[in-house]
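*Asks:* Mind looking over this structure? Questions follow.
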Amino acid sequence: MALAKNRRRERGVDYWPGFVDALSTLLLAIMFLLTVFVLAQFLLSREISGRDEALNRLNSQIAELTELLALEKNNSQDFEDQLATLQSSLAASESERSRLQELLNQGAGSSEAANTRIGELTSRLNQEQQLSARAASQVELLNQQIAALRAQIAAVEAALQASEAKDQASQAQISDLGRRLNVALAQRVQELNRYRSDFFGRLREILSDRENIRIVGDRFVFQSEVLFPVGGSELDDAGRVEMDKLAAALLDLAKEIPAEINWVLRVDGHTDNSPLSGTGRYRDNWELSSARATSVVKYLISKGVAANRLVAAGFGEFQPIAQGDTPEAKSQNRRIELKLTER
């Protein structure tokens, strides 16, 4: 094993850029999905805004047409009243003409005066008939204009109803899309939680029942002393035995998780708050925690675990799980955490 390490060091193999590329790809994918979602929201907002402007214009047109219709109705009523007056006057003139004609036929009164009166009444009657005809024509024209206005109002109301129906349909589609997205995300989370529970259950069965290997929340925690020598980042013999068990469990789980679940095993390195001297291999706890997490990831890859399913991260001493400077607290904070999560 030492000979293999020396050969790898001599070849200068560095797996860290591969992990950086994987993380960069993940971030780009997330940004792309967020961009698509924001663009969809922007387009839908513009469409809804456009409909609102159209509705406002339609409402304004309806108000103007309603006012015009009311005005035309008033004018039509005036002409109808005038026509009724003229028709009444015409009837009176016709009655007077008939009376005078009867007097003329009976020889009563002056024939010449009667004829003159009849002529006057006939002329007046013709004028009133002409006025009545013009009034009737104007009333008919107003009726046609009112009918046209009513048709325009009906068309505007139909367009308004269609626009409102389309807007309601768009809102319903947006609501349904959000609901389905939430359901899909909840299902993915539930599936991943189930596989995480199965994974931790298997680890609990195959790993030795020791106090320095335990489950904390949604993470499986190894104390650093189980895997590494003091101050070192290379797995010792006992650590490789434990990682062999972990790799076997992870390979079995990978066969069961559906391909559409984009899962990763995150390996987090943590240290206590004791500062390093800075003269050794690592200048500070950041480098030590990152090196230990990377060492675990590389070993799992050597055992057949897919590299794109592993992530290494170092947290130094800045994420403690035990407070204080006692030896027990520092021992708990020196740890490797495993978390099964989704990219």
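In the structure tokens, chains take letters A, B, ... by order of appearance, with residues numbered from 1 within each chain and ligands from 1 in the order shown.
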List every residue of region 272-309 of chain A that DSSP, applied to the backbone of this structure, places in alpha helix (DSSP H), and write the result as a list of chain:residue names.
*Replies:* A:Asn285, A:Trp286, A:Glu287, A:Leu288, A:Ser289, A:Ser290, A:Ala291, A:Arg292, A:Ala293, A:Thr294, A:Ser295, A:Val296, A:Val297, A:Lys298, A:Tyr299, A:Leu300, A:Ile301, A:Ser302
*Asks:* I'd like the neighbourhood of region 162-177 of chain A as a PyMOL selection string, where a residue qualifies if any of its atoms comes within 12 Å (using only C-alpha atoms), though same-chain residues fewer than 3 positions away should be ignored.
*Replies:* chain A and resi 37+40-41+43-59+155-159+180-184
*Asks:* Keeping only C-alpha atoms, write those residues as a CSV table (one decimal), in the first residue's frame.
*Replies:*
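Done, and the output landed in selection25.csv:
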```csv
chain,number,residue,atom,x,y,z
A,37,PHE,CA,-37.9,29.8,-14.0
A,40,ALA,CA,-41.0,32.0,-17.4
A,41,GLN,CA,-42.3,34.2,-14.5
A,43,LEU,CA,-43.0,36.3,-19.7
A,44,LEU,CA,-46.1,35.3,-17.8
A,45,SER,CA,-46.1,38.6,-15.9
A,46,ARG,CA,-45.7,40.6,-19.2
A,47,GLU,CA,-48.6,38.6,-20.7
A,48,ILE,CA,-50.8,39.3,-17.7
A,49,SER,CA,-49.8,43.0,-17.7
A,50,GLY,CA,-50.6,43.2,-21.4
A,51,ARG,CA,-54.0,41.7,-20.7
A,52,ASP,CA,-54.6,44.2,-17.9
A,53,GLU,CA,-53.8,47.1,-20.3
A,54,ALA,CA,-56.2,45.7,-22.9
A,55,LEU,CA,-58.9,45.3,-20.3
A,56,ASN,CA,-58.4,49.0,-19.2
A,57,ARG,CA,-58.7,50.1,-22.9
A,58,LEU,CA,-61.8,48.0,-23.4
A,59,ASN,CA,-63.4,49.4,-20.3
A,155,ALA,CA,-68.6,43.0,-29.4
A,156,VAL,CA,-66.5,44.8,-26.8
A,157,GLU,CA,-68.2,42.9,-24.0
A,158,ALA,CA,-67.6,39.6,-25.8
A,159,ALA,CA,-63.9,40.5,-26.2
A,180,ARG,CA,-47.0,20.2,-9.5
A,181,LEU,CA,-43.5,21.5,-9.0
A,182,ASN,CA,-44.0,21.5,-5.2
A,183,VAL,CA,-45.4,18.0,-5.4
A,184,ALA,CA,-42.4,16.8,-7.5
```
*Asks:* Measure the distance from CA of Glu342 (chain A) to CA of Trp263 (chain A) in Å and round it to one decimal.
*Replies:*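 CA of Trp263 (chain A) lies 4.3 Å from CA of Glu342 (chain A).
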*Asks:* At what distance in Å, to one decimal, does CA of Lys339 (chain A) lie from CA of Thr35 (chain A)?
*Replies:* 28.0 Å
*Asks:* Quick one: everything within 8 Å of Arg335 (chain A), counting only C-alpha atoms, minus sequence neighbours fewer than 3 positions away in the same chain. Send it as a list in words.
*Replies:* Val221, Phe222, Gln223, Ser224, Gly269, His270, Thr271, Ser331 and Gln332 of chain A
*Asks:* As a list in words, please: every residue in region 193-320 of chain A that DSSP puts in strand (DSSP E).
*Replies:*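 After running DSSP on the backbone, region 193-320 of chain A has strand (DSSP E) at Ile213, Arg214, Ile215, Val216, Arg219, Phe220, Val221, Phe222, Gln223, Trp263, Val264, Leu265, Arg266, Val267, Asp268, Gly269, His270, Leu310, Val311, Ala312, Ala313 and Gly314 of chain A.
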*Asks:* Tell me, as a short mmCIF file (atom, residue, chain, number, x, y, z; two decimals) with C-alpha atoms, in the first residue's frame, which residues lie within 7 Å of region 227-236 of chain A, counting only C-alpha atoms; anything in the same chain fewer than 5 positions away does not count.
*Replies:*
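Wrote it out as part.cif, contents follow:
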```
data_model
loop_
_atom_site.label_atom_id
_atom_site.label_comp_id
_atom_site.auth_asym_id
_atom_site.auth_seq_id
_atom_site.Cartn_x
_atom_site.Cartn_y
_atom_site.Cartn_z
CA LEU A 288 -6.08 19.81 7.42
CA ALA A 291 -7.12 17.17 3.14
CA ARG A 292 -8.86 14.61 5.38
CA SER A 295 -8.42 11.53 1.44
#
```
*Asks:* Counting only C-alpha atoms, which residue out of A:Arg97, A:Lys298, A:Lys255, A:Arg343 sits closest to Ala312 (chain A)?
*Replies:*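 Once distances to Ala312 (chain A) are computed over only C-alpha atoms, the minimum belongs to A:Lys298.
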*Asks:* Show which residues sit within 10 Å of Gln152 (chain A), as a list of chain:residue names. Count only C-alpha atoms, and ignore same-chain residues fewer than 5 positions away.
*Replies:*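 My reading of the contact set: A:Gln61, A:Ile62, A:Leu65, A:Ile146, A:Ala147, A:Glu157, A:Ala158.
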*Asks:* I need the chosen residues saved as a PDB file, in the first residue's frame, with C-alpha atoms.
*Replies:*
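Written output follows (again27.pdb):
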```pdb
ATOM      1  CA  GLN A  61     -64.177  52.227 -24.835  1.00  0.00           C
ATOM      2  CA  ILE A  62     -67.296  50.766 -23.215  1.00  0.00           C
ATOM      3  CA  LEU A  65     -69.825  54.089 -26.133  1.00  0.00           C
ATOM      4  CA  ILE A 146     -78.248  53.059 -31.784  1.00  0.00           C
ATOM      5  CA  ALA A 147     -78.384  49.519 -33.188  1.00  0.00           C
ATOM      6  CA  GLU A 157     -68.215  42.940 -23.980  1.00  0.00           C
ATOM      7  CA  ALA A 158     -67.583  39.629 -25.774  1.00  0.00           C
TER       8      ALA A 158
END
```
*Asks:* Quote the spacing between CA of Ile321 (chain A) and CA of Leu340 (chain A) in Å to one decimal place.
*Replies:* 19.0 Å
*Asks:* Determine the nearest neighbour of Gln87 (chain A) from the options A:Thr294, A:Gln144, A:Ser132, A:Asn285, counting only C-alpha atoms.
*Replies:*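 Nearest to Gln87 (chain A): A:Ser132.
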*Asks:* Show me, as a ChimeraX atom specification, the residues that have an atom within 12 Å of Gln129 (chain A) when counting only C-alpha atoms, minus same-chain residues fewer than 2 positions from it.
*Replies:* /A:83,85-91,93-94,121-127,131-136
*Asks:* Pick out the closest residue to Val264 (chain A) from this set: A:Arg281, A:Arg240, A:Lys245, A:Arg309. Count only C-alpha atoms.
*Replies:*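 Among the listed residues, the smallest separation from Val264 (chain A) belongs to A:Arg309.
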